[in-house]
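**Q** A single structure is presented below for examination.
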Amino acid sequence: MRRSTARITAGGQPVSWLGANFWSRTGGPHMWRRYDPAVVRAELRVLREHGLTMTRSFFYWPDFMPGPDVIDEEMTARFADFLDRHADQQMSTVPTFIVGHMSGQNWDPAWRGGRDLYDDVWMVGRQAWFAGEMVRRFGPHPAVAGWLVSNEMPLYGGDHAPAETVAAWAQVIRDAVRAAGGDQPFSLGDGCWGIEASGRENGFRLADAARLCDFLGPHVYPVGDDQIRQHYAAAWQCELASTFGKPVVLEEFGVSSDFAADANAARYYRHVLHHSLLAGATGWIAWNNTDFDLPGQDPYRHHAFEQHFGLTDASGAAKPTLGEMRSFAATLDAIEVTRCTRTDTDAALVIPSYLDTSYPFADPADRAHIARSLAQAYVSARLADLPVALTRETSGISHDARLYLAPSVKQLLAPTAAVLERLAAGGACVYASYSAGDTEWHRGPSYGRLDETFGVRHQLDVGMANPIEDDTVVLYFHRDFGDLARGTTLTFGAAGSQHSRAFLPVEPAGAEVIATDNRGRPALLSRRAGPGGRGSLILCTYPIEHMAALTPRVNPDDTVTLYDALAAHAGVRRAVTVDDPRVACDTLIRDDGTLFAVLASHAAEPVTVKPLLAGEALAGEALAGEALAGEALAGEALAGGELTALDGTEAGEGVTLGPFGIKIFIVTGRPGP
């Protein structure tokens, strides 16, 4: 399967943005009232010296549009100087029109008068007029790289409007930008928080945005209880956005120094940048360029932590996070990132349509349950060195993977059962784990044909859950499976509500029991399918991904081991794997055939791993012959292959990564059995 690496283009050429959201330390949102060209020049210079090439900038709406048909020319003159300062540094910027919301406060122009921003025709017209006026003034400037409508519009305009109303509002403003001559890349600045990514309906559909926009821009500030989930949160949002085929820019990410020590903030930046690169992002815009010393000014008066998100401190000195941005910039240059794409994959993560569709008489809590379980499954797959392409049930499950993961599923559409059977009959491995869901509303599995699909007879009782009795679920393997030997045990901490902490009681009816639980009940079953039984449908009767998603500091858990075994069983080709679940590996390929392996450690201490370069691994290359279902491809060595660091030194037998370290290598040699 192809994994999206869509690029923003400028002048017909692919570009990669690396920059910061910009407020000058002279005033934050009030910088235009206190504009100081010398300070702005110095602020941009320190960013440029650290490899950053662009900013995201903001028309503070009350200042730039003091009346419904008035533009403040003094403010626009200052913005023109701001653009010139960018050009002096060979930098560009993406201006944002409706601001609006900023750093914990909403800022209205006095003339708004409480009118609705989405469905009041006059008010929509005023926004479109303002956008057009800004484009006419600044669109020809070479420092303008793109346009954004808003800053997190659901927080300013609200999340009450129907999706069709929001889409119409966005189209009116986009059309005004285009009519005014703004042909640069365009997007909404909404944060990509819609139902397709979060399971929560806020009117801003990613499907609508993809139709209207040139790129999608997630804003990600995770709060959690598992460090590795934190490392992958931004990458996961980029993956979800990438399913709509448009370039993805990580438009906002970062952390206040009030909430994280400098070393921890730098480590977080390092992982966010590299994992989102491997998740297909084509741009990174940190929040934000500088700290502030404005304790008496709103919003900093009441949101004091908002003063300390900067890449520099309030005096302009670089913080460790800016050092991480500089290192990442050097990496992007070294690999020539605009020539690179993500390698293809044999593994797919199924996104149930219940995440992105509001079905009648369905509990919205089910969508939150799906979102959590999927995010955890993604983390486990990454730690298993298993690159996954996301495939949405809503748009039709892709047919070109060898392994399909459907983690902790409560509901699938009825026709999907036949799709899964066809995939297995064609030689794929389809894995699903059961979940009763988080609520009592229609508690239990709704798969269409669960028994027939997986070769079991479920033993559920009317309206009853089957609670998991033990605090630890143990799977005892009674046969070899993938690269797991008979006698292996995997353990999972039990978690969940009175509804979701439940297993699925089944009897085999054509399926083979691979593993049983603590009490001897079937826990992992396989039903062979297709000619010669070369495909398989695997059912896990426990919601292991859901349980892990609710467990603090759980990663890496034995789901990683199970996913690795599933990959071996399915014959998934992986270019490079390592022998420690705390270290994740993925690959990029350049248009000249150069393959890069990215190794990322999630360990707080130095780790040495021995990479295995697997046969038949280079992305985009067809197999010499049709793969057999199963284990034959799992551990073949790369004949003559080796890893070479970007500086030309060979990796040797092992690779040592420092605490939370990330290294990139060139994979040399040709794959073969």
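Identifiers for the structure tokens are assigned positionally: chains receive A, B, ... in sequence, residues are indexed from 1 per chain, and ligands are indexed from 1 in the order shown.
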Within 6 Å of stretch 528-541 of chain A, counting only C-alpha atoms, which residues show up once you throw out same-chain ones fewer than 5 positions away? Write them as a PyMOL selection string, please.
**A** chain A and resi 424-425+427-434+454+503-504+523+629
**Q** Could you write those residues out with N, CA, C and O atoms, as an mmCIF file, in the first residue's frame?
**A**
data_model
loop_
_atom_site.group_PDB
_atom_site.id
_atom_site.type_symbol
_atom_site.label_atom_id
_atom_site.label_comp_id
_atom_site.auth_asym_id
_atom_site.auth_seq_id
_atom_site.Cartn_x
_atom_site.Cartn_y
_atom_site.Cartn_z
ATOM 1 N N ALA A 424 -9.077 -12.089 2.973
ATOM 2 C CA ALA A 424 -8.433 -13.302 3.460
ATOM 3 C C ALA A 424 -8.372 -14.367 2.376
ATOM 4 O O ALA A 424 -7.356 -15.069 2.230
ATOM 5 N N ALA A 425 -9.434 -14.496 1.618
ATOM 6 C CA ALA A 425 -9.440 -15.483 0.537
ATOM 7 C C ALA A 425 -8.360 -15.174 -0.495
ATOM 8 O O ALA A 425 -7.845 -16.077 -1.158
ATOM 9 N N GLY A 427 -5.439 -14.135 0.240
ATOM 10 C CA GLY A 427 -4.132 -14.408 0.807
ATOM 11 C C GLY A 427 -3.714 -13.498 1.935
ATOM 12 O O GLY A 427 -2.626 -13.657 2.496
ATOM 13 N N ALA A 428 -4.566 -12.535 2.304
ATOM 14 C CA ALA A 428 -4.205 -11.601 3.370
ATOM 15 C C ALA A 428 -4.501 -12.200 4.743
ATOM 16 O O ALA A 428 -5.275 -13.151 4.879
ATOM 17 N N CYS A 429 -3.891 -11.600 5.755
ATOM 18 C CA CYS A 429 -4.222 -11.902 7.147
ATOM 19 C C CYS A 429 -5.043 -10.740 7.688
ATOM 20 O O CYS A 429 -4.603 -9.583 7.639
ATOM 21 N N VAL A 430 -6.229 -11.038 8.192
ATOM 22 C CA VAL A 430 -7.116 -10.031 8.776
ATOM 23 C C VAL A 430 -7.194 -10.294 10.274
ATOM 24 O O VAL A 430 -7.603 -11.374 10.705
ATOM 25 N N TYR A 431 -6.782 -9.316 11.055
ATOM 26 C CA TYR A 431 -6.808 -9.426 12.520
ATOM 27 C C TYR A 431 -7.840 -8.457 13.079
ATOM 28 O O TYR A 431 -7.873 -7.276 12.712
ATOM 29 N N ALA A 432 -8.679 -8.949 13.975
ATOM 30 C CA ALA A 432 -9.619 -8.093 14.701
ATOM 31 C C ALA A 432 -9.599 -8.502 16.162
ATOM 32 O O ALA A 432 -9.525 -9.689 16.487
ATOM 33 N N SER A 433 -9.659 -7.514 17.027
ATOM 34 C CA SER A 433 -9.838 -7.798 18.449
ATOM 35 C C SER A 433 -11.194 -7.258 18.869
ATOM 36 O O SER A 433 -11.651 -6.211 18.404
ATOM 37 N N TYR A 434 -11.819 -7.977 19.767
ATOM 38 C CA TYR A 434 -13.187 -7.689 20.201
ATOM 39 C C TYR A 434 -13.216 -6.549 21.202
ATOM 40 O O TYR A 434 -12.304 -6.362 22.004
ATOM 41 N N PHE A 454 -15.178 -15.439 11.405
ATOM 42 C CA PHE A 454 -14.023 -15.875 12.182
ATOM 43 C C PHE A 454 -14.076 -17.347 12.574
ATOM 44 O O PHE A 454 -13.169 -17.840 13.247
ATOM 45 N N PHE A 503 -14.581 -9.634 27.878
ATOM 46 C CA PHE A 503 -14.064 -10.480 26.814
ATOM 47 C C PHE A 503 -15.232 -11.090 26.048
ATOM 48 O O PHE A 503 -16.401 -10.993 26.445
ATOM 49 N N LEU A 504 -14.908 -11.714 24.937
ATOM 50 C CA LEU A 504 -15.904 -12.366 24.094
ATOM 51 C C LEU A 504 -15.810 -13.871 24.284
ATOM 52 O O LEU A 504 -14.814 -14.489 23.887
ATOM 53 N N ALA A 523 -8.675 -17.500 23.295
ATOM 54 C CA ALA A 523 -8.368 -16.070 23.340
ATOM 55 C C ALA A 523 -7.851 -15.547 22.009
ATOM 56 O O ALA A 523 -8.038 -14.374 21.694
ATOM 57 N N ALA A 629 1.628 -17.354 2.341
ATOM 58 C CA ALA A 629 1.070 -16.882 3.609
ATOM 59 C C ALA A 629 1.900 -17.462 4.725
ATOM 60 O O ALA A 629 1.996 -18.655 4.888
#
**Q** Contacts of A:Pro154 at 8 Å or less, counting only C-alpha atoms, minus same-chain residues fewer than 6 places along, as an MDAnalysis selection string?
**A** chainID A and resid 190 202 204
**Q** Generate a file of the selected residues that holds N, CA, C and O atoms, formatted as a PDB file, in the first residue's frame.
**A**
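What follows is the written file again.pdb:
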ATOM      1  N   ASP A 190      -7.860  25.624  11.045  1.00  0.00           N
ATOM      2  CA  ASP A 190      -8.864  25.207  12.032  1.00  0.00           C
ATOM      3  C   ASP A 190      -8.329  24.208  13.050  1.00  0.00           C
ATOM      4  O   ASP A 190      -8.975  23.947  14.068  1.00  0.00           O
ATOM      5  N   ASN A 202     -17.545  18.893  15.059  1.00  0.00           N
ATOM      6  CA  ASN A 202     -17.460  20.330  15.332  1.00  0.00           C
ATOM      7  C   ASN A 202     -17.776  21.179  14.108  1.00  0.00           C
ATOM      8  O   ASN A 202     -17.569  22.392  14.114  1.00  0.00           O
ATOM      9  N   PHE A 204     -16.269  21.168  11.275  1.00  0.00           N
ATOM     10  CA  PHE A 204     -15.112  21.273  10.382  1.00  0.00           C
ATOM     11  C   PHE A 204     -14.700  19.871   9.943  1.00  0.00           C
ATOM     12  O   PHE A 204     -13.902  19.214  10.596  1.00  0.00           O
TER      13      PHE A 204
END
**Q** List the spatial neighbours of A:Gln307 as a list in words - criterion: any atom at most 10 Å away, only C-alpha atoms, same-chain residues fewer than 5 positions off excluded.
**A**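 Listed by chain and then number, they are Arg25, Gly28, Ser103, Ser256, Ser257, Asp258, Asn288, Thr290, Asp291, Phe292, Asp293, Leu294, Pro295, Pro299, Tyr300, Arg301, Asp313 and Ala314 of chain A.
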**Q** Contacts of A:Asp470 at 9 Å or less, counting only C-alpha atoms, minus same-chain residues fewer than 4 places along, as a PyMOL selection string?
**A** chain A and resi 493-494+518
**Q** Go through stretch 10-243 of chain A and collect every residue that DSSP, computed from the backbone, puts in strand (DSSP E or B); the answer should be as a PyMOL selection string.
**A** chain A and resi 10+13-15+17-21+54-60+67+70+92-99+101-102+105-106+144+147-150+186-187+191+216+218-220
**Q** Please identify all polymer residues within 8 Å of A:Gly51, counting only C-alpha atoms, omitting same-chain residues fewer than 3 positions from it, and present them as a list in words.
**A** Leu18, Leu47, Arg48, Met325, Arg326, Ala329 and Ala330 of chain A
**Q** Store the residues picked out above in a file with N, CA, C and O atoms, as a PDB file, in the first residue's frame.
**A**
ATOM      1  N   LEU A  18       9.650  24.627   7.316  1.00  0.00           N
ATOM      2  CA  LEU A  18      10.122  24.462   8.684  1.00  0.00           C
ATOM      3  C   LEU A  18      10.182  25.848   9.307  1.00  0.00           C
ATOM      4  O   LEU A  18      10.962  26.698   8.856  1.00  0.00           O
ATOM      5  N   LEU A  47      15.942  32.851  14.131  1.00  0.00           N
ATOM      6  CA  LEU A  47      15.273  31.695  13.538  1.00  0.00           C
ATOM      7  C   LEU A  47      16.018  31.211  12.297  1.00  0.00           C
ATOM      8  O   LEU A  47      16.257  30.002  12.120  1.00  0.00           O
ATOM      9  N   ARG A  48      16.390  32.167  11.449  1.00  0.00           N
ATOM     10  CA  ARG A  48      17.073  31.786  10.206  1.00  0.00           C
ATOM     11  C   ARG A  48      18.423  31.149  10.489  1.00  0.00           C
ATOM     12  O   ARG A  48      18.835  30.187   9.813  1.00  0.00           O
ATOM     13  N   MET A 325      15.198  22.060  16.454  1.00  0.00           N
ATOM     14  CA  MET A 325      14.748  22.500  15.132  1.00  0.00           C
ATOM     15  C   MET A 325      15.945  22.637  14.187  1.00  0.00           C
ATOM     16  O   MET A 325      15.872  22.265  13.013  1.00  0.00           O
ATOM     17  N   ARG A 326      17.055  23.167  14.686  1.00  0.00           N
ATOM     18  CA  ARG A 326      18.249  23.310  13.844  1.00  0.00           C
ATOM     19  C   ARG A 326      18.763  21.934  13.411  1.00  0.00           C
ATOM     20  O   ARG A 326      19.111  21.737  12.234  1.00  0.00           O
ATOM     21  N   ALA A 329      16.493  20.587  10.780  1.00  0.00           N
ATOM     22  CA  ALA A 329      16.711  21.270   9.503  1.00  0.00           C
ATOM     23  C   ALA A 329      17.913  20.675   8.779  1.00  0.00           C
ATOM     24  O   ALA A 329      17.881  20.464   7.548  1.00  0.00           O
ATOM     25  N   ALA A 330      18.981  20.390   9.518  1.00  0.00           N
ATOM     26  CA  ALA A 330      20.163  19.794   8.905  1.00  0.00           C
ATOM     27  C   ALA A 330      19.854  18.406   8.345  1.00  0.00           C
ATOM     28  O   ALA A 330      20.338  18.031   7.264  1.00  0.00           O
TER      29      ALA A 330
END
**Q** Go ahead and compute the interatomic distance for atom CA of A:Val350 and atom CA of A:Arg270, in Å to one decimal.
**A**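 Going from atom CA of A:Val350 over to atom CA of A:Arg270 covers 28.3 Å.
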**Q** Skipping near chain neighbours, those fewer than 2 positions away, what residues fall within 10 Å of A:Trp17 using only C-alpha atoms, listed as a list in words?
**A**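 Answer for this query is Arg7, Ile8, Val15, Gly19, Ala20, Leu52, Thr53, Met54, Thr55, Ser92, Thr93, Ala145, Val249, Leu250, Glu251, Ala281, Thr282, Gly283, Trp284, Ile285 and Ala329 of chain A.
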**Q** Would you write out those residues with N, CA, C and O atoms, as a short mmCIF file (atom, residue, chain, number, x, y, z; two decimals), in the first residue's frame?
**A**
data_model
loop_
_atom_site.label_atom_id
_atom_site.label_comp_id
_atom_site.auth_asym_id
_atom_site.auth_seq_id
_atom_site.Cartn_x
_atom_site.Cartn_y
_atom_site.Cartn_z
N ARG A 7 3.20 16.65 -1.18
CA ARG A 7 4.00 17.83 -0.92
C ARG A 7 3.27 19.11 -1.33
O ARG A 7 2.58 19.14 -2.34
N ILE A 8 3.45 20.14 -0.53
CA ILE A 8 3.08 21.48 -0.96
C ILE A 8 3.99 21.86 -2.13
O ILE A 8 5.17 21.51 -2.15
N VAL A 15 7.95 21.74 -1.94
CA VAL A 15 8.64 22.48 -0.89
C VAL A 15 8.34 21.83 0.45
O VAL A 15 7.36 21.09 0.61
N GLY A 19 9.34 26.09 10.30
CA GLY A 19 9.28 27.44 10.83
C GLY A 19 8.61 27.53 12.18
O GLY A 19 8.53 26.55 12.93
N ALA A 20 8.12 28.73 12.48
CA ALA A 20 7.51 29.00 13.78
C ALA A 20 6.33 29.93 13.60
O ALA A 20 6.34 30.81 12.73
N LEU A 52 15.49 27.67 10.21
CA LEU A 52 14.09 27.85 9.91
C LEU A 52 13.94 28.74 8.68
O LEU A 52 14.73 29.68 8.47
N THR A 53 12.94 28.47 7.89
CA THR A 53 12.78 29.16 6.60
C THR A 53 11.49 29.94 6.48
O THR A 53 11.32 30.65 5.49
N MET A 54 10.59 29.81 7.45
CA MET A 54 9.29 30.47 7.29
C MET A 54 8.65 30.70 8.65
O MET A 54 9.10 30.17 9.67
N THR A 55 7.58 31.50 8.65
CA THR A 55 6.75 31.72 9.83
C THR A 55 5.29 31.63 9.43
O THR A 55 4.94 31.64 8.25
N SER A 92 9.95 33.23 4.35
CA SER A 92 8.59 33.50 3.90
C SER A 92 7.64 33.37 5.08
O SER A 92 8.02 32.93 6.17
N THR A 93 6.38 33.74 4.85
CA THR A 93 5.38 33.65 5.92
C THR A 93 4.03 33.28 5.34
O THR A 93 3.76 33.50 4.15
N ALA A 145 4.02 32.93 1.46
CA ALA A 145 4.11 31.53 1.03
C ALA A 145 2.76 30.85 0.92
O ALA A 145 2.63 29.83 0.25
N VAL A 249 0.65 19.66 6.90
CA VAL A 249 1.61 20.51 7.60
C VAL A 249 1.26 20.47 9.08
O VAL A 249 0.11 20.75 9.46
N LEU A 250 2.22 20.11 9.92
CA LEU A 250 2.01 20.15 11.36
C LEU A 250 2.05 21.63 11.76
O LEU A 250 3.09 22.18 12.07
N GLU A 251 0.88 22.24 11.74
CA GLU A 251 0.76 23.69 11.75
C GLU A 251 0.99 24.30 13.14
O GLU A 251 1.39 25.46 13.25
N ALA A 281 4.21 14.16 7.12
CA ALA A 281 4.14 15.62 7.17
C ALA A 281 5.14 16.23 6.20
O ALA A 281 6.24 15.71 6.00
N THR A 282 4.75 17.35 5.61
CA THR A 282 5.62 18.07 4.69
C THR A 282 5.95 19.47 5.20
O THR A 282 6.52 20.27 4.48
N GLY A 283 5.57 19.75 6.44
CA GLY A 283 5.88 21.04 7.04
C GLY A 283 5.70 20.98 8.54
O GLY A 283 4.90 20.18 9.05
N TRP A 284 6.45 21.84 9.24
CA TRP A 284 6.44 21.86 10.70
C TRP A 284 6.53 23.32 11.14
O TRP A 284 7.51 24.01 10.82
N ILE A 285 5.53 23.79 11.90
CA ILE A 285 5.51 25.18 12.35
C ILE A 285 5.31 25.16 13.86
O ILE A 285 4.21 24.91 14.35
N ALA A 329 16.49 20.59 10.78
CA ALA A 329 16.71 21.27 9.50
C ALA A 329 17.91 20.68 8.78
O ALA A 329 17.88 20.46 7.55
#
**Q** For A:Leu386, work out the shell of residues within 8 Å, counting only C-alpha atoms and skipping chain neighbours fewer than 4 positions away, then give it as an MDAnalysis selection string.
**A** chainID A and resid 347 381:382 563:564 567 574 586
**Q** Go through A:Arg137, A:His569, A:Arg2, A:His231 and flag the residue nearest A:Arg402, using only C-alpha atoms for the distances.
**A**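 When distances to A:Arg402 are compared using only C-alpha atoms, the smallest one comes from A:His569.
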**Q** Separation of atom CA of A:Gly132 and atom CA of A:Pro29, in Å?
**A**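 Atom CA of A:Pro29 lies at a distance of 21.7 Å from atom CA of A:Gly132.
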**Q** Can you tell me how far atom CA of A:Thr587 sits from atom CA of A:Leu273, in Å to one decimal?
**A**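 Atom CA of A:Leu273 lies at a distance of 14.8 Å from atom CA of A:Thr587.
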**Q** Select from stretch 410-528 of chain A every residue with an atom at most 12 Å from any atom of stretch 351-373 of chain A, then for each give the shortest pair of atoms and their distance in Å to one decimal, using only C-alpha atoms, rows by chain and rising number, as a tab-separated table.
**A**
residue	atom	partner	partner_atom	distance
A:Lys410	CA	A:Asp366	CA	8.3
A:Gln411	CA	A:Tyr354	CA	7.1
A:Leu412	CA	A:Pro352	CA	6.2
A:Leu413	CA	A:Ser353	CA	7.5
A:Ala414	CA	A:Ser353	CA	11.3
A:Pro415	CA	A:Ser353	CA	12.0
A:Thr416	CA	A:Pro352	CA	9.7
A:Ala432	CA	A:Pro352	CA	11.6
A:Ser433	CA	A:Ser373	CA	10.6
A:Tyr434	CA	A:Ser373	CA	11.4
A:Ser435	CA	A:His369	CA	9.7
A:Ala436	CA	A:Asp366	CA	10.0
A:Gly437	CA	A:Asp366	CA	6.5
A:Asp438	CA	A:His369	CA	6.5
A:Thr439	CA	A:Ala365	CA	7.3
A:Glu440	CA	A:Asp363	CA	9.5
A:Trp441	CA	A:Asp363	CA	6.8
A:His442	CA	A:Ala362	CA	8.5
A:Arg443	CA	A:Asp366	CA	10.2
A:Gly444	CA	A:Asp366	CA	11.6
A:Ser446	CA	A:Tyr354	CA	11.2
A:Tyr447	CA	A:Pro352	CA	10.8
A:Gly496	CA	A:His369	CA	10.5
A:Ser497	CA	A:His369	CA	11.2
A:His499	CA	A:Asp366	CA	11.7
A:Ser500	CA	A:His369	CA	9.5
**Q** Could you save the residues just selected, with C-alpha atoms, as a short mmCIF file (atom, residue, chain, number, x, y, z; two decimals), in the first residue's frame?
**A**
data_model
loop_
_atom_site.label_atom_id
_atom_site.label_comp_id
_atom_site.auth_asym_id
_atom_site.auth_seq_id
_atom_site.Cartn_x
_atom_site.Cartn_y
_atom_site.Cartn_z
CA LYS A 410 -17.25 -2.82 18.52
CA GLN A 411 -18.96 -1.96 15.22
CA LEU A 412 -18.28 -2.54 11.55
CA LEU A 413 -20.66 -1.95 8.67
CA ALA A 414 -22.54 -5.08 7.68
CA PRO A 415 -21.01 -5.29 4.15
CA THR A 416 -17.52 -5.17 5.63
CA ALA A 432 -9.62 -8.09 14.70
CA SER A 433 -9.84 -7.80 18.45
CA TYR A 434 -13.19 -7.69 20.20
CA SER A 435 -14.59 -4.83 22.23
CA ALA A 436 -17.98 -4.46 23.88
CA GLY A 437 -17.65 -0.67 23.77
CA ASP A 438 -17.58 1.91 26.54
CA THR A 439 -21.33 2.25 27.15
CA GLU A 440 -24.37 0.07 27.67
CA TRP A 441 -25.93 1.37 24.44
CA HIS A 442 -26.04 -1.66 22.12
CA ARG A 443 -23.25 -3.23 24.13
CA GLY A 444 -21.59 -6.03 22.23
CA SER A 446 -21.88 -5.54 15.64
CA TYR A 447 -19.84 -7.04 12.78
CA GLY A 496 -11.86 -0.51 31.19
CA SER A 497 -15.28 0.47 32.42
CA HIS A 499 -18.92 -2.19 29.96
CA SER A 500 -15.58 -2.32 28.16
#
**Q** Stretch 499-591 of chain A near stretch 649-655 of chain A within 12 Å: what's each residue's closest atom pair and its distance in Å to one decimal, counting only C-alpha atoms, ordered by chain then ascending residue number, as JSON lines?
**A**
{"residue": "A:Val578", "atom": "CA", "partner": "A:Val655", "partner_atom": "CA", "distance": 9.7}
{"residue": "A:Asp579", "atom": "CA", "partner": "A:Gly654", "partner_atom": "CA", "distance": 10.7}
{"residue": "A:Asp580", "atom": "CA", "partner": "A:Val655", "partner_atom": "CA", "distance": 11.6}
{"residue": "A:Val583", "atom": "CA", "partner": "A:Val655", "partner_atom": "CA", "distance": 10.7}
**Q** Name the closest residue to A:Pro37 among the candidates A:Leu460, A:Leu83, A:Leu612, A:Leu420; distances are taken between atoms, counting only C-alpha atoms.
**A** A:Leu83
**Q** Which residues of stretch 162-243 of chain A sit at most 8 Å from stretch 390-395 of chain A, using only C-alpha atoms? Give each one's shortest atom pair and distance in Å (one decimal place), in chain and ascending residue order, as CSV.
**A**
residue,atom,partner,partner_atom,distance
A:Glu239,CA,A:Leu390,CA,7.2
A:Leu240,CA,A:Leu390,CA,7.3
A:Thr243,CA,A:Leu390,CA,6.7
